[in-house]
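Q: Structure file coords_18.cif (mmCIF, C-alpha atoms) is given on the next line.
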data_query
#
loop_
_atom_site.label_atom_id
_atom_site.label_comp_id
_atom_site.auth_asym_id
_atom_site.auth_seq_id
_atom_site.Cartn_x
_atom_site.Cartn_y
_atom_site.Cartn_z
CA MET M 1 144.47 110.93 74.75
CA THR M 2 147.93 110.89 73.23
CA LEU M 3 150.24 113.55 74.57
CA SER M 4 153.06 115.27 72.76
CA ALA M 5 155.62 117.66 74.16
CA PRO M 6 157.53 120.47 72.56
CA ARG M 7 161.09 119.80 71.51
CA THR M 8 163.28 119.49 74.56
CA ARG M 9 166.95 120.10 75.15
CA LEU M 10 169.45 117.28 75.08
CA TYR M 11 170.71 115.86 78.35
CA ARG M 12 174.00 117.14 79.62
CA ALA M 13 175.75 114.50 81.67
CA PRO M 14 177.32 115.77 84.90
CA LYS M 15 180.96 116.81 84.80
CA ARG M 16 183.58 116.02 87.39
CA THR M 17 183.79 119.68 88.33
CA GLU M 18 180.12 119.60 89.39
CA GLN M 19 180.66 117.19 92.29
CA ALA M 20 180.81 119.92 94.94
CA GLU M 21 177.58 121.45 93.63
CA GLN M 22 175.93 118.03 93.59
CA VAL M 23 176.88 117.48 97.22
CA ARG M 24 175.37 120.86 98.11
CA LEU M 25 172.10 120.12 96.26
CA LEU M 26 171.83 116.64 97.72
CA SER M 27 172.55 117.87 101.23
CA ASP M 28 169.55 120.19 100.92
CA ALA M 29 167.31 117.63 99.20
CA LEU M 30 168.10 114.85 101.67
CA ALA M 31 168.17 116.99 104.81
CA GLY M 32 166.88 114.99 107.75
CA VAL M 33 167.48 111.60 106.14
CA ALA M 34 169.16 109.21 108.58
CA ILE M 35 170.44 105.85 107.39
CA ASP M 36 169.75 103.03 109.86
CA PRO M 37 172.74 100.64 109.86
CA ALA M 38 170.47 97.82 111.07
CA LEU M 39 168.37 97.94 107.87
CA PRO M 40 169.25 97.20 104.22
CA TYR M 41 171.01 100.24 102.79
CA THR M 42 169.76 100.03 99.21
CA ALA M 43 166.08 100.22 100.15
CA GLN M 44 166.75 103.25 102.36
CA VAL M 45 168.61 105.05 99.56
CA VAL M 46 165.78 104.28 97.13
CA ARG M 47 163.19 105.63 99.57
CA ALA M 48 165.17 108.82 100.28
CA LEU M 49 165.95 109.64 96.66
CA LYS M 50 162.45 108.80 95.46
CA ALA M 51 160.90 111.12 98.07
CA ALA M 52 163.24 113.91 96.98
CA ILE M 53 162.45 113.39 93.28
CA LEU M 54 158.67 113.12 93.70
CA SER M 55 158.54 116.19 95.95
CA LEU M 56 160.69 118.14 93.44
CA ARG M 57 163.42 118.74 96.00
CA LEU M 58 165.46 117.22 93.17
CA MET M 59 164.19 118.81 89.98
CA PRO M 60 164.03 117.07 86.59
CA ARG M 61 167.42 116.83 84.84
CA THR M 62 169.38 117.48 88.02
CA PRO M 63 172.78 115.74 87.66
CA LEU M 64 173.67 113.21 90.35
CA SER M 65 176.55 110.85 90.99
CA GLU M 66 177.22 107.79 93.11
CA VAL M 67 180.11 109.59 94.78
CA ALA M 68 178.05 112.62 95.79
CA ILE M 69 175.13 110.54 97.09
CA ALA M 70 177.44 108.21 99.04
CA ASP M 71 179.21 111.24 100.50
CA VAL M 72 175.99 112.90 101.67
CA LEU M 73 174.51 109.70 103.12
CA GLY M 74 177.78 108.48 104.62
CA MET M 75 178.00 105.06 102.99
CA SER M 76 179.86 103.10 100.34
CA ARG M 77 178.98 103.41 96.65
CA THR M 78 177.69 99.83 96.24
CA PRO M 79 174.19 100.28 97.78
CA VAL M 80 173.95 103.66 96.05
CA ARG M 81 174.70 102.04 92.69
CA GLU M 82 171.97 99.44 93.25
CA ALA M 83 169.49 102.13 94.31
CA LEU M 84 170.18 104.15 91.17
CA LYS M 85 169.50 101.09 89.02
CA GLU M 86 166.18 100.51 90.78
CA LEU M 87 165.09 104.13 90.34
CA SER M 88 166.14 104.00 86.70
CA GLY M 89 163.76 101.05 86.29
CA GLU M 90 160.96 103.29 87.57
CA HIS M 91 161.92 106.00 85.03
CA LEU M 92 162.85 108.41 87.82
CA LEU M 93 166.54 108.48 86.89
CA ASP M 94 168.39 108.22 83.59
CA ILE M 95 171.83 106.63 83.74
CA PHE M 96 174.44 107.47 81.11
CA PRO M 97 177.18 104.79 81.11
CA GLN M 98 180.64 106.26 81.66
CA ALA M 99 179.09 109.73 81.97
CA GLY M 100 176.72 110.09 84.91
CA THR M 101 173.13 110.10 86.11
CA VAL M 102 170.37 112.71 85.94
CA VAL M 103 166.90 112.97 87.44
CA SER M 104 164.58 111.97 84.60
CA PRO M 105 162.47 114.60 82.88
CA ILE M 106 158.71 114.27 83.28
CA ARG M 107 157.76 112.11 80.31
CA MET M 108 154.43 112.74 78.61
CA SER M 109 154.07 109.05 77.71
CA LEU M 110 154.30 108.10 81.40
CA ILE M 111 151.77 110.77 82.35
CA GLU M 112 149.39 109.25 79.80
CA ARG M 113 149.97 105.78 81.23
CA GLY M 114 149.39 106.95 84.80
CA ILE M 115 146.18 108.72 83.87
CA PHE M 116 144.88 105.57 82.15
CA VAL M 117 145.52 103.51 85.29
CA ARG M 118 143.87 106.09 87.55
CA ASP M 119 140.85 106.47 85.29
CA ALA M 120 140.23 102.72 85.15
CA LEU M 121 140.94 101.68 88.73
CA GLU M 122 139.68 104.72 90.64
CA CYS M 123 136.42 104.74 88.70
CA ALA M 124 135.78 101.02 89.32
CA ASN M 125 136.59 101.46 93.01
CA LEU M 126 134.32 104.49 93.43
CA ILE M 127 131.37 102.73 91.80
CA ASP M 128 131.74 99.89 94.29
CA LEU M 129 132.12 102.35 97.17
CA MET M 130 128.95 104.14 96.07
CA ARG M 131 127.04 100.92 96.74
CA THR M 132 128.58 100.16 100.13
CA LEU M 133 129.41 103.52 101.75
CA ASP M 134 128.05 103.87 105.28
CA SER M 135 127.71 106.88 107.57
CA ALA M 136 131.08 106.28 109.23
CA GLY M 137 132.82 106.22 105.88
CA ARG M 138 131.05 109.37 104.77
CA ALA M 139 132.13 111.12 107.97
CA ARG M 140 135.77 110.22 107.30
CA ILE M 141 135.54 111.60 103.76
CA GLU M 142 133.97 114.82 104.99
CA GLN M 143 136.73 115.20 107.58
CA VAL M 144 139.39 115.06 104.85
CA LEU M 145 137.43 117.55 102.73
CA ARG M 146 137.39 119.97 105.65
CA ALA M 147 141.17 119.60 105.98
CA GLN M 148 141.51 120.35 102.27
CA HIS M 149 139.34 123.44 102.68
CA ARG M 150 141.60 124.71 105.46
CA ALA M 151 144.65 124.22 103.25
CA ILE M 152 142.97 126.11 100.40
CA ALA M 153 141.99 128.95 102.75
CA ALA M 154 145.61 129.18 103.89
CA ALA M 155 146.91 129.00 100.30
CA ASP M 156 149.03 126.06 101.47
CA CYS M 157 149.66 124.04 98.32
CA GLU M 158 151.92 121.46 99.95
CA THR M 159 149.38 120.59 102.64
CA PHE M 160 146.57 120.50 100.10
CA PHE M 161 148.52 118.04 97.97
CA GLN M 162 149.06 115.81 101.01
CA ARG M 163 145.34 115.91 101.85
CA ASP M 164 144.55 115.18 98.21
CA GLU M 165 146.57 111.98 98.50
CA THR M 166 144.85 111.18 101.81
CA LEU M 167 141.43 111.43 100.17
CA HIS M 168 142.22 109.21 97.20
CA ARG M 169 143.87 106.63 99.45
CA LEU M 170 140.88 106.68 101.80
CA LEU M 171 138.52 105.82 98.95
CA PHE M 172 140.43 102.58 98.43
CA GLU M 173 140.74 101.93 102.15
CA LEU M 174 136.95 102.12 102.51
CA THR M 175 136.52 99.31 99.97
CA GLY M 176 139.30 97.20 101.52
CA ARG M 177 141.52 97.65 98.45
CA LEU M 178 144.65 99.36 99.73
CA PRO M 179 146.87 97.03 97.63
CA ILE M 180 145.12 98.43 94.53
CA TRP M 181 145.82 101.95 95.75
CA ASN M 182 149.51 101.01 95.88
CA ILE M 183 149.30 100.08 92.18
CA VAL M 184 147.60 103.38 91.37
CA ASN M 185 150.10 105.34 93.45
CA GLN M 186 153.03 103.73 91.64
CA ALA M 187 151.50 104.38 88.23
CA LYS M 188 150.79 108.06 88.89
CA GLN M 189 154.25 109.07 90.14
CA HIS M 190 154.96 111.05 86.99
CA VAL M 191 151.52 112.67 87.04
CA ASP M 192 152.24 113.82 90.59
CA ARG M 193 155.58 115.33 89.60
CA ALA M 194 153.84 117.31 86.85
CA ARG M 195 151.05 118.46 89.17
CA LEU M 196 153.51 119.64 91.81
CA LEU M 197 155.51 121.54 89.22
CA LEU M 198 152.38 123.25 87.91
CA THR M 199 151.05 124.15 91.35
CA LYS M 200 154.35 125.83 92.22
CA HIS M 201 153.40 128.45 89.63
CA ASN M 202 149.60 128.38 89.74
CA PHE M 203 147.67 127.92 93.00
CA ASP M 204 144.41 128.00 91.01
CA ILE M 205 145.10 124.36 90.13
CA CYS M 206 144.71 123.42 93.80
CA GLN M 207 141.48 125.40 94.04
CA ARG M 208 140.07 123.69 90.96
CA ALA M 209 141.05 120.28 92.29
CA TYR M 210 139.24 121.00 95.55
CA GLY M 211 136.10 122.00 93.66
CA GLU M 212 136.30 118.79 91.65
CA HIS M 213 136.63 116.78 94.86
CA LEU M 214 133.42 118.35 96.13
CA ASP M 215 131.63 117.46 92.87
CA ILE M 216 132.87 113.86 93.01
CA MET M 217 131.84 113.38 96.63
CA GLN M 218 128.45 114.96 96.02
CA ALA M 219 127.81 112.43 93.26
CA LEU M 220 129.12 109.62 95.47
CA PHE M 221 126.85 110.56 98.36
CA ALA M 222 123.87 110.93 95.99
CA CYS M 223 124.58 107.51 94.41
CA ASP M 224 124.51 109.12 90.97
CA GLU M 225 126.68 106.75 88.95
CA ALA M 226 126.59 108.70 85.67
CA VAL M 227 127.69 111.95 87.29
CA LEU M 228 130.24 110.13 89.43
CA ARG M 229 131.91 108.61 86.36
CA ARG M 230 131.90 111.92 84.51
CA THR M 231 133.25 114.06 87.34
CA LEU M 232 135.99 111.59 88.26
CA ARG M 233 137.16 111.29 84.65
CA HIS M 234 137.30 115.07 84.36
CA HIS M 235 139.28 115.28 87.59
CA VAL M 236 141.77 112.61 86.56
CA THR M 237 142.35 113.65 82.96
CA ASN M 238 142.30 117.44 83.01
CA VAL M 239 145.90 117.57 84.23
CA THR M 240 146.99 116.66 80.69
CA ASP M 241 145.86 119.95 79.19
CA ALA M 242 147.50 121.91 82.01
CA VAL M 243 150.80 120.06 81.53
CA LEU M 244 150.81 120.57 77.77
CA GLU M 245 149.97 124.26 78.09
CA TYR M 246 152.72 124.80 80.66
CA ALA M 247 155.34 122.87 78.69
CA LYS M 248 154.59 124.73 75.47
CA ARG M 249 154.33 128.14 77.10
CA THR M 250 157.58 127.87 79.05
CA GLN M 251 159.53 125.63 76.65
CA SER M 252 160.63 123.93 79.86
CA ASP M 253 163.23 121.20 79.57
CA TYR M 254 161.65 119.54 82.60
CA PHE M 255 159.44 117.62 80.15
CA SER M 256 160.08 115.19 77.31
CA ASP M 257 158.03 112.91 75.02
#
Now, as a test, write the supplied structure out as structure tokens.

A:
Amino acid sequence: MTLSAPRTRLYRAPKRTEQAEQVRLLSDALAGVAIDPALPYTAQVVRALKAAILSLRLMPRTPLSEVAIADVLGMSRTPVREALKELSGEHLLDIFPQAGTVVSPIRMSLIERGIFVRDALECANLIDLMRTLDSAGRARIEQVLRAQHRAIAAADCETFFQRDETLHRLLFELTGRLPIWNIVNQAKQHVDRARLLLTKHNFDICQRAYGEHLDIMQALFACDEAVLRRTLRHHVTNVTDAVLEYAKRTQSDYFSD
């Protein structure tokens, strides 16, 4: 499926007068982050900023600067500059030379790429798991599903999203393929940003996802390969329609092609 987004607004690079506001936003987004002087600084900055971007504590198109980040984290600008370059390589930041840096919009092309990776690798992994799953593995899956149900009952979207990640990771753990999960997790970063943005405005998405999890696991436990393939593909790809509908309805500049 090829995705297309509505026309989006042009970037506006951060101005010098926005530095105080950037410090305020970053102080909130990075609250609780402590830099360990015994560890490499750049990797810690990357980890902290990435967590803030993926959790939407830093929203798409938020202006940032080396000075503001260094101020909030209490370090020199050099490791911050290197961290920004690394995050730009992951399409999480856009750097404007001589102007500034912004959190990247959620790009439809990267959502499409992430969905392709998930569809291919998660399906192949589940088919193998279907053939090897034992009672202990099934019990672990059911435990995560119960945790998801509690989150749904409490209308706790954040916890449900965490348990969603736990379930998909577990499916790779049970086949001994956690390194493949790391590939999937990297590829779906932009899908996750879109899903979190949508669920902020529509809890029904979490409820539907939980129902789809139940369908997938039922097919897995029944060793029904045809249904397993079909239900997983539906679960992985249906986010595209929701993203497109939201972007067109709101004309949000959080998205771009």

Q: For the structure provided, state which residues fall under the PyMOL selection byres ((chain M and resi 122-138) around 7), and present them as a CSV table (one decimal) with C-alpha atoms, keeping the file's coordinate frame.

A:
chain,number,residue,atom,x,y,z
M,118,ARG,CA,143.9,106.1,87.6
M,119,ASP,CA,140.8,106.5,85.3
M,120,ALA,CA,140.2,102.7,85.2
M,121,LEU,CA,140.9,101.7,88.7
M,139,ALA,CA,132.1,111.1,108.0
M,140,ARG,CA,135.8,110.2,107.3
M,141,ILE,CA,135.5,111.6,103.8
M,142,GLU,CA,134.0,114.8,105.0
M,172,PHE,CA,140.4,102.6,98.4
M,174,LEU,CA,137.0,102.1,102.5
M,175,THR,CA,136.5,99.3,100.0
M,220,LEU,CA,129.1,109.6,95.5
M,223,CYS,CA,124.6,107.5,94.4
M,225,GLU,CA,126.7,106.8,89.0
M,229,ARG,CA,131.9,108.6,86.4
M,232,LEU,CA,136.0,111.6,88.3

Q: Between M:Leu54, M:Ile115, M:Ala222, M:Val102, which has the minimum distance to Leu197 (chain M) (counting all atoms listed in the file)?

A: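 Nearest candidate to Leu197 (chain M) out of M:Leu54, M:Ile115, M:Ala222, M:Val102: M:Leu54.
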
Q: Go ahead and compute the interatomic distance for CA of Met217 (chain M) and CA of Glu165 (chain M), in Å to one decimal.

A: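 These atoms are spaced 14.9 Å apart.
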
Q: Go through M:Val46, M:Leu171, M:Leu30, M:Ala68 one by one, measure the shortest atom-to-atom distance of each to Leu84 (chain M) using only C-alpha atoms, and give the residue with the smallest value.

A: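 Closest to Leu84 (chain M), using only C-alpha atoms: M:Val46.
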
Q: Write out as a JSON list (two decimals) with C-alpha atoms, in the frame of the given file the residues lying within 7 Å of region 185-190 of chain M, counting only C-alpha atoms and excluding same-chain residues fewer than 6 positions away.

A:
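Resulting contents of result.json:
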[["chain", "number", "residue", "atom", "x", "y", "z"],
["M", 54, "LEU", "CA", 158.67, 113.12, 93.70],
["M", 106, "ILE", "CA", 158.71, 114.27, 83.28],
["M", 110, "LEU", "CA", 154.30, 108.10, 81.40],
["M", 111, "ILE", "CA", 151.77, 110.77, 82.35],
["M", 114, "GLY", "CA", 149.39, 106.95, 84.80],
["M", 115, "ILE", "CA", 146.18, 108.72, 83.87],
["M", 117, "VAL", "CA", 145.52, 103.51, 85.29]]

Q: Using only C-alpha atoms, which of M:Val67, M:Met59, M:Val72, M:Ala155 sits nearest Ser104 (chain M)?

A: M:Met59

Q: Kindly indicate which residue among M:Ala43, M:Leu56, M:Ala38, M:Ala209 lies nearest to Leu87 (chain M), using all atoms listed in the file for the distances.

A: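 Closest to Leu87 (chain M), using all atoms listed in the file: M:Ala43.
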
Q: May I ask for the distance between CA of Arg61 (chain M) and CA of Gln19 (chain M), given in Å to one decimal place?

A: 15.2 Å

Q: Determine the residue membership of the PyMOL selection byres ((chain M and resi 234) around 12) for the file above and supply it as number ranges by chain.

A: M: 115, 118-119, 123, 208-209, 211-213, 215-216, 227-233, 235-241

Q: CA of Ala151 (chain M) and CA of Phe203 (chain M) are how many Å apart?

A: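 Distance reported for this atom pair: 11.3 Å.
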
Q: For Ala242 (chain M), which of M:Leu39, M:Leu198, M:Ala226, M:Leu26 is the closest residue, counting only C-alpha atoms?

A: M:Leu198

Q: Excluding same-chain residues fewer than 4 positions from Lys200 (chain M), what lies within 9 Å of it counting only C-alpha atoms, as an NGL selection string?

A: :M and (157 or 195-196)

Q: If the PyMOL selection byres ((chain M and resi 58) around 12) were run on this exact file, what residues would it hold? Put them as a PyMOL selection string.

A: chain M and resi 22+24-31+48-57+59-64+92-93+102-105+193+197+254

Q: Excluding same-chain residues fewer than 4 positions from Val45 (chain M), what lies within 12 Å of it counting all atoms listed in the file, as an mmCIF file with C-alpha atoms, in the coordinates of the input?

A:
data_model
loop_
_atom_site.group_PDB
_atom_site.id
_atom_site.type_symbol
_atom_site.label_atom_id
_atom_site.label_comp_id
_atom_site.auth_asym_id
_atom_site.auth_seq_id
_atom_site.Cartn_x
_atom_site.Cartn_y
_atom_site.Cartn_z
ATOM 1 C CA LEU M 30 168.100 114.850 101.670
ATOM 2 C CA VAL M 33 167.480 111.600 106.140
ATOM 3 C CA ALA M 34 169.160 109.210 108.580
ATOM 4 C CA ILE M 35 170.440 105.850 107.390
ATOM 5 C CA ASP M 36 169.750 103.030 109.860
ATOM 6 C CA PRO M 37 172.740 100.640 109.860
ATOM 7 C CA LEU M 39 168.370 97.940 107.870
ATOM 8 C CA PRO M 40 169.250 97.200 104.220
ATOM 9 C CA TYR M 41 171.010 100.240 102.790
ATOM 10 C CA LEU M 49 165.950 109.640 96.660
ATOM 11 C CA LYS M 50 162.450 108.800 95.460
ATOM 12 C CA ALA M 51 160.900 111.120 98.070
ATOM 13 C CA ALA M 52 163.240 113.910 96.980
ATOM 14 C CA GLU M 66 177.220 107.790 93.110
ATOM 15 C CA ILE M 69 175.130 110.540 97.090
ATOM 16 C CA ALA M 70 177.440 108.210 99.040
ATOM 17 C CA VAL M 72 175.990 112.900 101.670
ATOM 18 C CA LEU M 73 174.510 109.700 103.120
ATOM 19 C CA GLY M 74 177.780 108.480 104.620
ATOM 20 C CA MET M 75 178.000 105.060 102.990
ATOM 21 C CA SER M 76 179.860 103.100 100.340
ATOM 22 C CA ARG M 77 178.980 103.410 96.650
ATOM 23 C CA THR M 78 177.690 99.830 96.240
ATOM 24 C CA PRO M 79 174.190 100.280 97.780
ATOM 25 C CA VAL M 80 173.950 103.660 96.050
ATOM 26 C CA ARG M 81 174.700 102.040 92.690
ATOM 27 C CA GLU M 82 171.970 99.440 93.250
ATOM 28 C CA ALA M 83 169.490 102.130 94.310
ATOM 29 C CA LEU M 84 170.180 104.150 91.170
ATOM 30 C CA LYS M 85 169.500 101.090 89.020
ATOM 31 C CA GLU M 86 166.180 100.510 90.780
ATOM 32 C CA LEU M 87 165.090 104.130 90.340
#
